[in-house]
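> Have a look at the structure that comes next, please.
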Amino acid sequence: MTEPNQFAISRELGSRISAGDTPSFGRLGLLPLVAHAHGPVPVGMSQGRLDGRYDELIKRAFGAVAAGLSADRLLADPSLARAFDHKAKELGIAAPPALIRKRLLRMRKSGGRLPKTTIKERVPSIEPHNAFAIEYSVVRLSRLFGATVDDILCDESLAGEFQTMVGSLAPQCSPLTCRLGALYLRKSRHTQSSRRHLIEQLHPSSVNDRWLDLGTINEIASNALAGVNAGILRVDEAERSLYISRSDAVAEMASTFINPFLWDRIANHFWHPHAAGIRLKVLPASAVSEPLEDWELRLIQLIEPVFNMRVTARAA
């Protein structure tokens, strides 16, 4: 058996190979080296965190730019985020913009008395033709660098990587749409405490016979999707699930996966998806009495599709 080509693996992952420290003598000396080798390398991401010394100035910078928007919504808008960075620098905050943004989010989450949000915007759901591209890119950055959605909103170098990834799959997706999509995923991929017990009572086996099998992606004709509206789309390969998502326009979302361009883009040296091996299924909204969002969360939670964000027990 030949040794794996570590350089090919690194190139495919978009990572970098660097020299490690010489371990101290004995097996215990290997532990720090192994931990370092297996940890994500956040290329270009700002490290560290700010303490509270700049909190009042951060509040002032935020209040001067936000115009009633929430901290999340401000950072999701590239132009507003840059305006916040400029104001923070103008006020004398001597720290990298990414760390200032992270401190702003930490203040928001900890009740840091930020200026009141007067514009109550609900984060829009992701357009069906952009949904997979955005979630795939969030998941890929998480696996490459251990990055979170907050990291994407806060770190411009990481946001650039994110937008490049999304753009390679959905060229029409603007930077604002990309970031709002990531924010939507962060807010929607969790179970609310008030509904958790209801979601946990849902069993995928109870709807096994309600899925509509659309066939493999090389079999599906565009007109075959005409009658498919609201529901949950499932993309499977052999014995594993690749992606699950609900939509009010399942046909539009499904058309993304029929396009061979998508599979060419996400294929790599180790995985070559074949059209005859990728199958689409739909669970129509009319086939279940419970809310589709509950079923989406439960299915992702239990099946753990390859390209879905994990479902957490609380909002981020």
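Ordered as shown in the structure tokens, chains take letters A, B, and onward, while each chain numbers its residues from 1 and ligands are numbered from 1 in the order shown.
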Would you please extract all alpha helix (DSSP H) residues from range 151-299 of chain A, as assigned by DSSP on the backbone, and give them as a ChimeraX atom specification?
/A:151-154,156-169,175-188,196-200,250-258,260-266,292-299
> Excluding Asn218 in chain A and residues on its chain fewer than 3 positions from it, collect all residues at most 8 Å away from it, counting only C-alpha atoms, and give them as an NGL selection string.
:A and (258 or 275-276)
> Kindly export the residues of the current selection with N, CA and C atoms, as a PDB file, in the first residue's frame.

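After the write, again_2.pdb holds the following:
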```pdb
ATOM      1  N   ILE A 258     -29.184  19.823 -10.650  1.00  0.00           N
ATOM      2  CA  ILE A 258     -29.224  19.165 -11.957  1.00  0.00           C
ATOM      3  C   ILE A 258     -28.110  19.688 -12.859  1.00  0.00           C
ATOM      4  N   ALA A 275     -23.317  11.703 -11.860  1.00  0.00           N
ATOM      5  CA  ALA A 275     -24.727  12.066 -12.006  1.00  0.00           C
ATOM      6  C   ALA A 275     -25.645  10.877 -11.749  1.00  0.00           C
ATOM      7  N   ALA A 276     -25.189   9.689 -12.112  1.00  0.00           N
ATOM      8  CA  ALA A 276     -26.026   8.502 -11.929  1.00  0.00           C
ATOM      9  C   ALA A 276     -26.086   8.058 -10.471  1.00  0.00           C
TER      10      ALA A 276
END
```
> Applying 12 Å and only C-alpha atoms, which residues near Glu239 in chain A remain after dropping the ones on its own chain fewer than 2 positions away? List them as JSON, numbers by chain.
{"A": [235, 236, 237, 241, 242, 277, 278, 279, 303, 305, 306]}
> Would you list the contacts of Glu127 in chain A as a PyMOL selection string, taking every protein, DNA or RNA residue within 10 Å and counting only C-alpha atoms, but skipping same-chain residues closer than 4 positions in sequence?
chain A and resi 131-132+173+177+181+247-249+252-253
> Identify, on the basis of only C-alpha atoms, every residue whose closest approach to Thr164 in chain A does not exceed 12 Å; exclude the query and any residue fewer than 4 positions from it along the same chain; express the result as number ranges by chain.
A: 133-134, 137-138, 141, 157-160, 168-175, 178
> Quick one: pick out all strand (DSSP E) residues within range 41-259 of chain A from a backbone DSSP run and write them as a compact mmCIF listing (two decimals) with N, CA and C atoms, in the first residue's frame.

```
# COMPACT_ATOMS: atom_id res chain seq x y z
N LEU A 212 -41.07 11.88 -2.18
CA LEU A 212 -41.20 11.69 -3.63
C LEU A 212 -39.81 11.53 -4.21
N ASP A 213 -39.55 10.39 -4.82
CA ASP A 213 -38.24 10.13 -5.42
C ASP A 213 -38.22 10.72 -6.83
N LEU A 214 -37.44 11.79 -7.01
CA LEU A 214 -37.36 12.44 -8.31
C LEU A 214 -36.40 11.73 -9.26
N GLY A 215 -35.60 10.82 -8.72
CA GLY A 215 -34.64 10.10 -9.54
C GLY A 215 -33.24 10.67 -9.42
N THR A 216 -32.32 10.11 -10.18
CA THR A 216 -30.95 10.61 -10.17
C THR A 216 -30.86 11.87 -11.03
N GLY A 231 -41.62 22.37 0.29
CA GLY A 231 -41.27 21.07 0.83
C GLY A 231 -39.82 21.04 1.29
N ILE A 232 -39.33 19.85 1.53
CA ILE A 232 -37.94 19.65 1.94
C ILE A 232 -37.24 18.84 0.86
N LEU A 233 -36.13 19.37 0.37
CA LEU A 233 -35.34 18.69 -0.65
C LEU A 233 -34.21 17.92 0.03
N ARG A 234 -34.00 16.71 -0.45
CA ARG A 234 -32.93 15.88 0.09
C ARG A 234 -32.06 15.39 -1.07
N VAL A 235 -30.75 15.56 -0.93
CA VAL A 235 -29.80 15.14 -1.96
C VAL A 235 -28.96 14.01 -1.36
N ASP A 236 -29.07 12.82 -1.95
CA ASP A 236 -28.39 11.64 -1.41
C ASP A 236 -27.38 11.08 -2.41
N GLU A 237 -26.35 10.45 -1.86
CA GLU A 237 -25.39 9.71 -2.66
C GLU A 237 -25.19 8.35 -2.01
N ARG A 240 -25.39 7.69 1.91
CA ARG A 240 -25.25 8.88 2.75
C ARG A 240 -26.02 10.05 2.16
N SER A 241 -26.35 11.00 3.03
CA SER A 241 -27.05 12.20 2.59
C SER A 241 -26.05 13.33 2.44
N LEU A 242 -26.16 14.08 1.35
CA LEU A 242 -25.26 15.19 1.10
C LEU A 242 -25.83 16.52 1.58
N TYR A 243 -27.15 16.69 1.46
CA TYR A 243 -27.72 18.00 1.75
C TYR A 243 -29.22 17.88 1.95
N ILE A 244 -29.74 18.65 2.92
CA ILE A 244 -31.18 18.72 3.19
C ILE A 244 -31.54 20.18 3.40
N SER A 245 -32.64 20.62 2.77
CA SER A 245 -33.07 22.00 2.96
C SER A 245 -34.54 22.15 2.61
N ARG A 246 -35.22 22.98 3.37
CA ARG A 246 -36.62 23.28 3.05
C ARG A 246 -36.68 24.52 2.17
N SER A 247 -37.74 24.63 1.42
CA SER A 247 -37.91 25.79 0.54
C SER A 247 -39.36 25.90 0.11
```
> If you take only C-alpha atoms and a cut-off of 9 Å, which residues of range 262-308 of chain A touch range 185-205 of chain A, and what are their nearest atom pairs and distances in Å to one decimal, in chain and number order, as JSON lines?

```
{"residue": "A:Glu290", "atom": "CA", "partner": "A:Leu202", "partner_atom": "CA", "distance": 8.9}
{"residue": "A:Glu293", "atom": "CA", "partner": "A:Ser188", "partner_atom": "CA", "distance": 8.7}
{"residue": "A:Asp294", "atom": "CA", "partner": "A:Ile199", "partner_atom": "CA", "distance": 5.7}
{"residue": "A:Trp295", "atom": "CA", "partner": "A:Leu202", "partner_atom": "CA", "distance": 7.2}
{"residue": "A:Leu297", "atom": "CA", "partner": "A:Arg189", "partner_atom": "CA", "distance": 6.9}
{"residue": "A:Arg298", "atom": "CA", "partner": "A:Ile199", "partner_atom": "CA", "distance": 6.2}
{"residue": "A:Leu299", "atom": "CA", "partner": "A:Pro204", "partner_atom": "CA", "distance": 6.6}
{"residue": "A:Leu302", "atom": "CA", "partner": "A:Pro204", "partner_atom": "CA", "distance": 8.4}
{"residue": "A:Ile303", "atom": "CA", "partner": "A:Pro204", "partner_atom": "CA", "distance": 9.0}
```
> Store the residues picked out above, limited to C-alpha atoms, as a PDB file, in the first residue's frame.

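File again31.pdb, as written:
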```pdb
ATOM      1  CA  GLU A 290     -45.892  19.690  11.552  1.00  0.00           C
ATOM      2  CA  GLU A 293     -38.774  24.103   9.703  1.00  0.00           C
ATOM      3  CA  ASP A 294     -39.159  21.581  12.544  1.00  0.00           C
ATOM      4  CA  TRP A 295     -38.747  18.670  10.143  1.00  0.00           C
ATOM      5  CA  LEU A 297     -33.987  20.725  11.841  1.00  0.00           C
ATOM      6  CA  ARG A 298     -34.797  17.191  12.962  1.00  0.00           C
ATOM      7  CA  LEU A 299     -33.655  15.589   9.715  1.00  0.00           C
ATOM      8  CA  LEU A 302     -30.285  12.988  12.994  1.00  0.00           C
ATOM      9  CA  ILE A 303     -29.014  12.333   9.462  1.00  0.00           C
TER      10      ILE A 303
END
```
> In Å, how far is it from CA of Lys116 in chain A to CA of Ala94 in chain A?
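Between CA of Lys116 in chain A and CA of Ala94 in chain A the gap works out to 25.4 Å.
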> What's around range 60-69 of chain A at 9 Å? Count only C-alpha atoms, leave out sequence neighbours fewer than 4 positions away in its own chain, and write the answer as a list in words.
Asp55, Glu56, Arg73, Leu74, Leu80, Ala81, Ala83, Phe84, Asp85, His86, Lys87, Ala88, Lys89, Glu90, Leu91, Leu104, Leu114, Pro115, Lys116, Thr117, Thr118, Ile119, Lys120 and Glu121 of chain A
> Using the selection just defined, write its residues with C-alpha atoms as a CSV table (one decimal), in the first residue's frame.

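For reference, selection_18.csv as written:
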```csv
chain,number,residue,atom,x,y,z
A,55,ASP,CA,-16.2,49.2,25.2
A,56,GLU,CA,-17.4,52.8,25.5
A,73,ARG,CA,-27.2,43.3,10.5
A,74,LEU,CA,-24.6,46.1,10.5
A,80,LEU,CA,-21.7,49.6,6.9
A,81,ALA,CA,-19.1,47.3,8.5
A,83,ALA,CA,-17.9,52.5,8.0
A,84,PHE,CA,-17.9,51.1,11.6
A,85,ASP,CA,-14.2,50.2,11.2
A,86,HIS,CA,-13.4,53.7,10.1
A,87,LYS,CA,-15.3,55.3,12.9
A,88,ALA,CA,-13.7,53.0,15.5
A,89,LYS,CA,-10.2,54.0,14.2
A,90,GLU,CA,-11.2,57.7,14.2
A,91,LEU,CA,-12.2,57.4,17.8
A,104,LEU,CA,-19.0,44.3,19.4
A,114,LEU,CA,-25.5,48.9,22.9
A,115,PRO,CA,-27.7,51.6,21.4
A,116,LYS,CA,-31.2,50.4,21.0
A,117,THR,CA,-32.2,48.6,17.8
A,118,THR,CA,-35.1,50.5,16.3
A,119,ILE,CA,-35.2,48.8,12.9
A,120,LYS,CA,-36.5,45.3,13.5
A,121,GLU,CA,-35.5,43.6,10.3
```
> Work out how far CA of Val149 in chain A is from CA of Ile9 in chain A, in Å to one decimal.
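Calculated distance between CA of Ile9 in chain A and CA of Val149 in chain A is 25.2 Å.
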> Report, in Å with one decimal, the straight-line distance from CA of Ala251 in chain A to CA of Trp263 in chain A.
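If I compute the distance from CA of Ala251 in chain A to CA of Trp263 in chain A, I get 18.1 Å.
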> So which one's closest to Thr256 in chain A, A:Ala313, A:Ser79, A:Ile217, A:Leu153? Using only C-alpha atoms, please.
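Closest to Thr256 in chain A, using only C-alpha atoms: A:Ile217.
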